[in-house]
Structures are given as C-alpha cells and as structure tokens.
Amino acid sequence: DTAVSQTPKYLVTQMGNDKSIKCEQNLGHDTMYWYKQDSKKFLKIMFSYNNKELIINETVPNRFSPKSPDKAHLNLHINSLELGDSAVYFCASSQVLASGETQYFGPGTRLLVL
Amino acid sequence: DQQVKQNSPSLSVQEGRISILNCDYTNSMFDYFLWYKKYPAEGPTFLISISSIKDKNEDGRFTVFLNKSAKHLSLHIVPSQPGDSAVYFCAASAITGFQKLVFGTGTRLLVSP
C-alpha cells in the first residue's frame with residue numbers, strides 16, 4: 001500500500017492552462033506539505049497544512065492554491081501556468097507539526113509546461 | 001540564500017568502502033538535521049536524523065555526525081553497497097520553523113561493484 005500517493009505522475013500542458021495535482025496519504029498523519037524541485041534540483045517547501053489549516057505559505061505566486069478537503073488530502077491547483085512552473089512537485093506528510101518529525105514523500109508529479 | 005549546502009554534486013566509491021557525504025549549514029537556529037535518499041522517479045525517503053543535542057547517531061551501516069561549532073554534518077555509509085547508489089539530500093529544520101525542512105541540493109552517490 002502506497003503511503004503518500006500523487007496523481008498524476010506526469011503532466012504536460014500548455015502555457016496559460018489551469019491544472020490540479022492531487023495528493024493523498026493513508027498514514028493517518030496530521031500534517032501535509034507541497035514541495036517544488038526545480039531544474040537546479042533545489043527542493044523547496046511551498047505550503048504546509050496541519051489539520052486542514054494552512055501553516056506555511058512560502059513566497060509562492062498566488063496562481064498556486066492548495067486545498068485540503070480533509071486531513072488525508074492536500075491538492076494543489078495552479079492557474080495560468082507559466083514555463084517557469086515546469087518542475088517536479090512532491091507532496092509529503094508527517095505525523096504532527098513539530099521539529100524533527102520525519103516527513104514521508106510521495107513519488108512526485110513531473111509537470112512540463114510548453 | 002542557500003542555508004543548507006552540499007558542495008559535492010557527486011561521489012564515486014567502490015563497494016565495501018566507506019562513503020562520506022558532507023553538508024554545511026548557515027542558520028544557527030537549525031536544531032534538527034535529516035538525511036534523505038532519493039532514487040530516480042521516486043520521492044525522497046528518510047534515512048537517518050540527528051538532533052542538535054547530539055553529535056553522533058548510528059543506524060546500521062549509516063552514521064551521521066554533527067559538528068555544531070563548524071555548522072557541518074556528514075553521513076558515513078560503511079560498508080557501501082551498489083544499492084546505496086542514489087541522490088542523498090541533507091535537510092535541516094528549526095524548532096521555530098513549523099517543521100519547515102530546508103534541503104541541500106543533493107549529492108549523487110555511485111557505488112561500483
């Protein structure tokens with residue numbers, strides 16, 4: 001059973017389109033995250049949610065909107081996609097929101113904007 | 001501003017030898033350090049961690065050393081195995097940082113038979 005799953009795995013789309021990436025965790029964790037890994041391989045946090053409440057919102061364009069319908073799901077919606085949005089997006093979860101808690105990552109969604 | 005740095009993009013080691021991966025950080029507020037391992041087309045997988053109150057943590061073939069005064073940590077893998085070939089990310093978090101992990105850019109380890 002996959003602990004943290006993401007759909008789709010690959011996403012190729014045109015500039016200007018709107019797309020969503022879904023994430024689900026079956027670990028019973030309270031906290032979920034979205035990370036972006038760009039072409040230079042920097043893995044950088046975008047958002048974190050704890051019990052469906054937004055906790056961390058890094059400097060991310062407001063074209064990116066996370067939504068957490070319940071503790072097990074954290075989706076990422078991206079409006080008006082731009083070339084620079086091409087990256088690998090990783091979802092992660094941790095038991096609680098505390099320093100030192102291990103985060104479990106999904107397999108990533110490879111987004112290519114043409 | 002890169003707060004966590006892995007200055008070696010790649011490392012090649014022979015099977016059975018020791019692999020040493022290094023990581024430097026700049027933020028003195030970091031109090032927890034983790035190493036993640038990543039295979040191609042997969043997400044990072046937690047490997048080992050260390051709290052700032054310790055200077056060493058060991059788990060089987062993996063040992064992490066922390067030198068707070070130098071703001072430096074290292075991951076030792078002994079003995080190295082071909083299955084250890086992957087990208088290793090160092091990450092750090094601060095107790096005041098809401099568990100925000102700050103990652104290095106990774107070191108690609110290749111262990112040859």
# chains A, B, ... in the order shown; residues from 1 in each chain; ligands from 1
call {"tool": "select_by_dssp", "arguments": {"residues": "segment 29-70 of chain B", "states": "strand (DSSP E or B)", "output": "VMD selection string"}}
result
chain B and resid 30 to 38 45 to 51 56 to 59 62 to 67
call {"tool": "write_last_selection", "arguments": {"atoms": "N, CA, C and O atoms", "output": "compact mmCIF listing (two decimals), in the first residue's frame"}}
result
# COMPACT_ATOMS: atom_id res chain seq x y z
N PHE B 30 18.87 26.16 13.32
CA PHE B 30 18.53 24.78 12.98
C PHE B 30 18.83 23.88 14.18
O PHE B 30 19.90 23.97 14.78
N ASP B 31 17.88 23.02 14.50
CA ASP B 31 18.09 22.15 15.66
C ASP B 31 17.86 20.68 15.33
O ASP B 31 17.94 19.83 16.22
N TYR B 32 17.53 20.41 14.09
CA TYR B 32 17.30 19.01 13.70
C TYR B 32 17.77 18.85 12.28
O TYR B 32 17.48 19.69 11.43
N PHE B 33 18.50 17.74 12.05
CA PHE B 33 19.09 17.51 10.74
C PHE B 33 18.73 16.11 10.27
O PHE B 33 18.72 15.16 11.06
N LEU B 34 18.43 16.02 9.00
CA LEU B 34 17.98 14.75 8.44
C LEU B 34 18.71 14.48 7.14
O LEU B 34 19.11 15.39 6.43
N TRP B 35 18.86 13.20 6.84
CA TRP B 35 19.35 12.78 5.53
C TRP B 35 18.23 11.99 4.85
O TRP B 35 17.61 11.12 5.45
N TYR B 36 18.01 12.34 3.59
CA TYR B 36 17.06 11.64 2.77
C TYR B 36 17.81 11.05 1.57
O TYR B 36 18.78 11.62 1.07
N LYS B 37 17.28 9.93 1.12
CA LYS B 37 17.85 9.23 -0.04
C LYS B 37 16.80 9.24 -1.13
O LYS B 37 15.62 9.06 -0.86
N LYS B 38 17.25 9.46 -2.36
CA LYS B 38 16.28 9.52 -3.45
C LYS B 38 16.76 8.73 -4.65
O LYS B 38 17.84 8.99 -5.19
N THR B 45 13.30 9.48 0.49
CA THR B 45 12.98 8.55 1.58
C THR B 45 13.86 8.87 2.77
O THR B 45 15.08 9.01 2.62
N PHE B 46 13.26 8.98 3.93
CA PHE B 46 14.01 9.30 5.15
C PHE B 46 15.04 8.21 5.44
O PHE B 46 14.75 7.01 5.35
N LEU B 47 16.25 8.64 5.80
CA LEU B 47 17.32 7.70 6.08
C LEU B 47 17.73 7.72 7.56
O LEU B 47 17.65 6.73 8.26
N ILE B 48 18.13 8.87 8.03
CA ILE B 48 18.62 8.99 9.39
C ILE B 48 18.57 10.46 9.79
O ILE B 48 18.60 11.35 8.93
N SER B 49 18.47 10.71 11.08
CA SER B 49 18.40 12.10 11.55
C SER B 49 19.25 12.27 12.80
O SER B 49 19.69 11.29 13.42
N ILE B 50 19.45 13.52 13.18
CA ILE B 50 20.19 13.81 14.40
C ILE B 50 19.68 15.13 14.98
O ILE B 50 19.43 16.09 14.24
N SER B 51 19.51 15.12 16.28
CA SER B 51 19.12 16.33 16.98
C SER B 51 20.37 17.13 17.33
O SER B 51 21.46 16.57 17.46
N LYS B 56 26.40 12.51 17.32
CA LYS B 56 26.50 11.28 16.52
C LYS B 56 25.23 10.47 16.66
O LYS B 56 24.66 10.37 17.75
N ASN B 57 24.80 9.91 15.55
CA ASN B 57 23.67 8.98 15.58
C ASN B 57 23.95 7.87 14.58
O ASN B 57 24.36 8.13 13.46
N GLU B 58 23.74 6.63 15.04
CA GLU B 58 24.10 5.49 14.22
C GLU B 58 22.89 4.60 13.99
O GLU B 58 22.09 4.37 14.89
N ASP B 59 22.78 4.10 12.76
CA ASP B 59 21.70 3.17 12.44
C ASP B 59 22.22 2.19 11.42
O ASP B 59 22.25 2.47 10.22
N PHE B 62 24.70 3.18 8.59
CA PHE B 62 24.65 4.64 8.43
C PHE B 62 24.92 5.35 9.76
O PHE B 62 24.33 5.01 10.77
N THR B 63 25.82 6.32 9.70
CA THR B 63 26.13 7.14 10.87
C THR B 63 26.14 8.60 10.44
O THR B 63 26.75 8.94 9.42
N VAL B 64 25.48 9.43 11.22
CA VAL B 64 25.52 10.86 10.95
C VAL B 64 26.29 11.52 12.09
O VAL B 64 26.08 11.21 13.26
N PHE B 65 27.20 12.41 11.71
CA PHE B 65 27.99 13.17 12.66
C PHE B 65 27.63 14.65 12.54
O PHE B 65 27.47 15.15 11.43
N LEU B 66 27.51 15.30 13.69
CA LEU B 66 27.17 16.72 13.69
C LEU B 66 28.25 17.50 14.43
O LEU B 66 28.56 17.19 15.59
N ASN B 67 28.78 18.52 13.78
CA ASN B 67 29.75 19.42 14.40
C ASN B 67 29.11 20.80 14.42
O ASN B 67 29.14 21.53 13.44
call {"tool": "residues_around", "arguments": {"residues": "Tyr104 of chain A", "least_positions_apart": "4", "cutoff": "8 Å", "atoms": "only C-alpha atoms", "output": "number ranges by chain"}}
result
A: 3-4, 92-94; B: 44-46
call {"tool": "atom_distance", "arguments": {"atom1": "atom CA of Leu54 of chain A", "atom2": "atom CA of Ala92 of chain B"}}
result
21.0 Å
call {"tool": "interface_residues", "arguments": {"of": "chain B", "to": "chain A", "cutoff": "7 Å", "atoms": "only C-alpha atoms", "output": "list in words"}}
result
Tyr32, Ala41, Glu42, Gly43, Pro44, Thr45, Phe46, Ser93, Ala94, Ile95, Phe98, Gln99, Val102, Phe103 and Thr105 of chain B
call {"tool": "write_last_selection", "arguments": {"atoms": "all heavy atoms", "output": "CSV table (one decimal), in the first residue's frame"}}
result
chain,number,residue,atom,x,y,z
B,32,TYR,N,17.5,20.4,14.1
B,32,TYR,CA,17.3,19.0,13.7
B,32,TYR,C,17.8,18.8,12.3
B,32,TYR,O,17.5,19.7,11.4
B,32,TYR,CB,15.8,18.7,13.8
B,32,TYR,CG,15.6,17.3,14.3
B,32,TYR,CD1,15.6,16.9,15.6
B,32,TYR,CD2,15.4,16.2,13.4
B,32,TYR,CE1,15.4,15.7,16.1
B,32,TYR,CE2,15.3,14.9,13.8
B,32,TYR,CZ,15.2,14.6,15.2
B,32,TYR,OH,15.1,13.4,15.6
B,41,ALA,N,12.9,8.9,-10.2
B,41,ALA,CA,11.5,8.8,-10.4
B,41,ALA,C,10.8,8.4,-9.1
B,41,ALA,O,9.6,7.9,-9.1
B,41,ALA,CB,11.1,7.8,-11.5
B,42,GLU,N,11.4,8.6,-8.0
B,42,GLU,CA,10.8,8.3,-6.7
B,42,GLU,C,10.9,9.6,-5.8
B,42,GLU,O,11.7,10.4,-6.0
B,42,GLU,CB,11.4,7.1,-6.0
B,42,GLU,CG,11.1,5.8,-6.7
B,42,GLU,CD,11.7,4.6,-5.9
B,42,GLU,OE1,12.1,4.8,-4.7
B,42,GLU,OE2,11.8,3.6,-6.5
B,43,GLY,N,10.1,9.6,-4.7
B,43,GLY,CA,10.2,10.7,-3.8
B,43,GLY,C,11.4,10.4,-2.8
B,43,GLY,O,11.8,9.3,-2.7
B,44,PRO,N,11.9,11.5,-2.1
B,44,PRO,CA,12.9,11.2,-1.1
B,44,PRO,C,12.4,10.3,0.0
B,44,PRO,O,11.2,10.4,0.4
B,44,PRO,CB,13.2,12.6,-0.6
B,44,PRO,CG,12.7,13.6,-1.6
B,44,PRO,CD,11.5,12.9,-2.3
B,45,THR,N,13.3,9.5,0.5
B,45,THR,CA,13.0,8.6,1.6
B,45,THR,C,13.9,8.9,2.8
B,45,THR,O,15.1,9.0,2.6
B,45,THR,CB,13.2,7.1,1.1
B,45,THR,OG1,12.5,6.8,0.0
B,45,THR,CG2,12.8,6.1,2.2
B,46,PHE,N,13.3,9.0,3.9
B,46,PHE,CA,14.0,9.3,5.1
B,46,PHE,C,15.0,8.2,5.4
B,46,PHE,O,14.7,7.0,5.4
B,46,PHE,CB,13.0,9.4,6.3
B,46,PHE,CG,13.7,9.5,7.7
B,46,PHE,CD1,14.4,10.7,8.0
B,46,PHE,CD2,13.8,8.5,8.5
B,46,PHE,CE1,15.1,10.8,9.2
B,46,PHE,CE2,14.4,8.6,9.8
B,46,PHE,CZ,15.1,9.7,10.1
B,93,SER,N,15.9,21.6,10.0
B,93,SER,CA,14.7,22.3,10.4
B,93,SER,C,15.0,23.0,11.8
B,93,SER,O,15.9,22.6,12.5
B,93,SER,CB,13.5,21.4,10.6
B,93,SER,OG,13.7,20.5,11.7
B,94,ALA,N,14.2,24.1,12.0
B,94,ALA,CA,14.4,24.9,13.2
B,94,ALA,C,13.1,24.7,14.1
B,94,ALA,O,12.0,24.7,13.5
B,94,ALA,CB,14.6,26.3,12.9
B,95,ILE,N,13.3,24.6,15.4
B,95,ILE,CA,12.1,24.4,16.2
B,95,ILE,C,11.1,25.5,16.1
B,95,ILE,O,9.9,25.3,16.4
B,95,ILE,CB,12.6,24.2,17.7
B,95,ILE,CG1,11.5,23.6,18.5
B,95,ILE,CG2,13.0,25.6,18.3
B,95,ILE,CD1,11.9,23.0,19.8
B,98,PHE,N,8.1,25.7,12.3
B,98,PHE,CA,7.0,24.9,11.9
B,98,PHE,C,7.3,23.7,11.1
B,98,PHE,O,6.7,23.4,10.1
B,98,PHE,CB,5.9,25.8,11.2
B,98,PHE,CG,5.3,26.8,12.0
B,98,PHE,CD1,5.6,28.2,11.8
B,98,PHE,CD2,4.5,26.5,13.0
B,98,PHE,CE1,5.1,29.2,12.6
B,98,PHE,CE2,3.9,27.5,13.8
B,98,PHE,CZ,4.2,28.8,13.6
B,99,GLN,N,8.4,23.1,11.4
B,99,GLN,CA,8.8,21.9,10.8
B,99,GLN,C,9.1,22.1,9.3
B,99,GLN,O,9.0,21.3,8.4
B,99,GLN,CB,7.7,20.8,11.0
B,99,GLN,CG,7.9,19.5,10.2
B,99,GLN,CD,9.2,18.8,10.5
B,99,GLN,OE1,10.2,19.4,10.9
B,99,GLN,NE2,9.2,17.5,10.4
B,102,VAL,N,14.5,22.6,5.2
B,102,VAL,CA,15.4,23.3,4.2
B,102,VAL,C,16.4,22.3,3.7
B,102,VAL,O,17.1,21.7,4.5
B,102,VAL,CB,16.1,24.5,4.8
B,102,VAL,CG1,16.9,25.2,3.8
B,102,VAL,CG2,15.1,25.5,5.5
B,103,PHE,N,16.3,22.0,2.4
B,103,PHE,CA,17.1,21.0,1.8
B,103,PHE,C,18.4,21.5,1.1
B,103,PHE,O,18.4,22.7,0.6
B,103,PHE,CB,16.3,20.3,0.7
B,103,PHE,CG,15.3,19.3,1.3
B,103,PHE,CD1,14.1,19.7,1.7
B,103,PHE,CD2,15.7,17.9,1.3
B,103,PHE,CE1,13.1,18.7,2.2
B,103,PHE,CE2,14.8,17.0,1.8
B,103,PHE,CZ,13.5,17.4,2.2
B,105,THR,N,21.2,20.7,-2.1
B,105,THR,CA,20.9,20.4,-3.5
B,105,THR,C,21.2,18.9,-3.8
B,105,THR,O,21.0,18.5,-4.9
B,105,THR,CB,21.7,21.3,-4.4
B,105,THR,OG1,23.1,21.3,-4.0
B,105,THR,CG2,21.2,22.7,-4.4
call {"tool": "residues_around", "arguments": {"residues": "Thr26 of chain B", "least_positions_apart": "3", "cutoff": "9 Å", "atoms": "only C-alpha atoms", "output": "list in words"}}
result
Gln2, Gln3, Val4, Lys5, Met29, Phe30 and Lys71 of chain B
call {"tool": "atom_distance", "arguments": {"atom1": "atom CA of Asn51 of chain A", "atom2": "atom CA of Gln25 of chain A"}}
result
12.9 Å
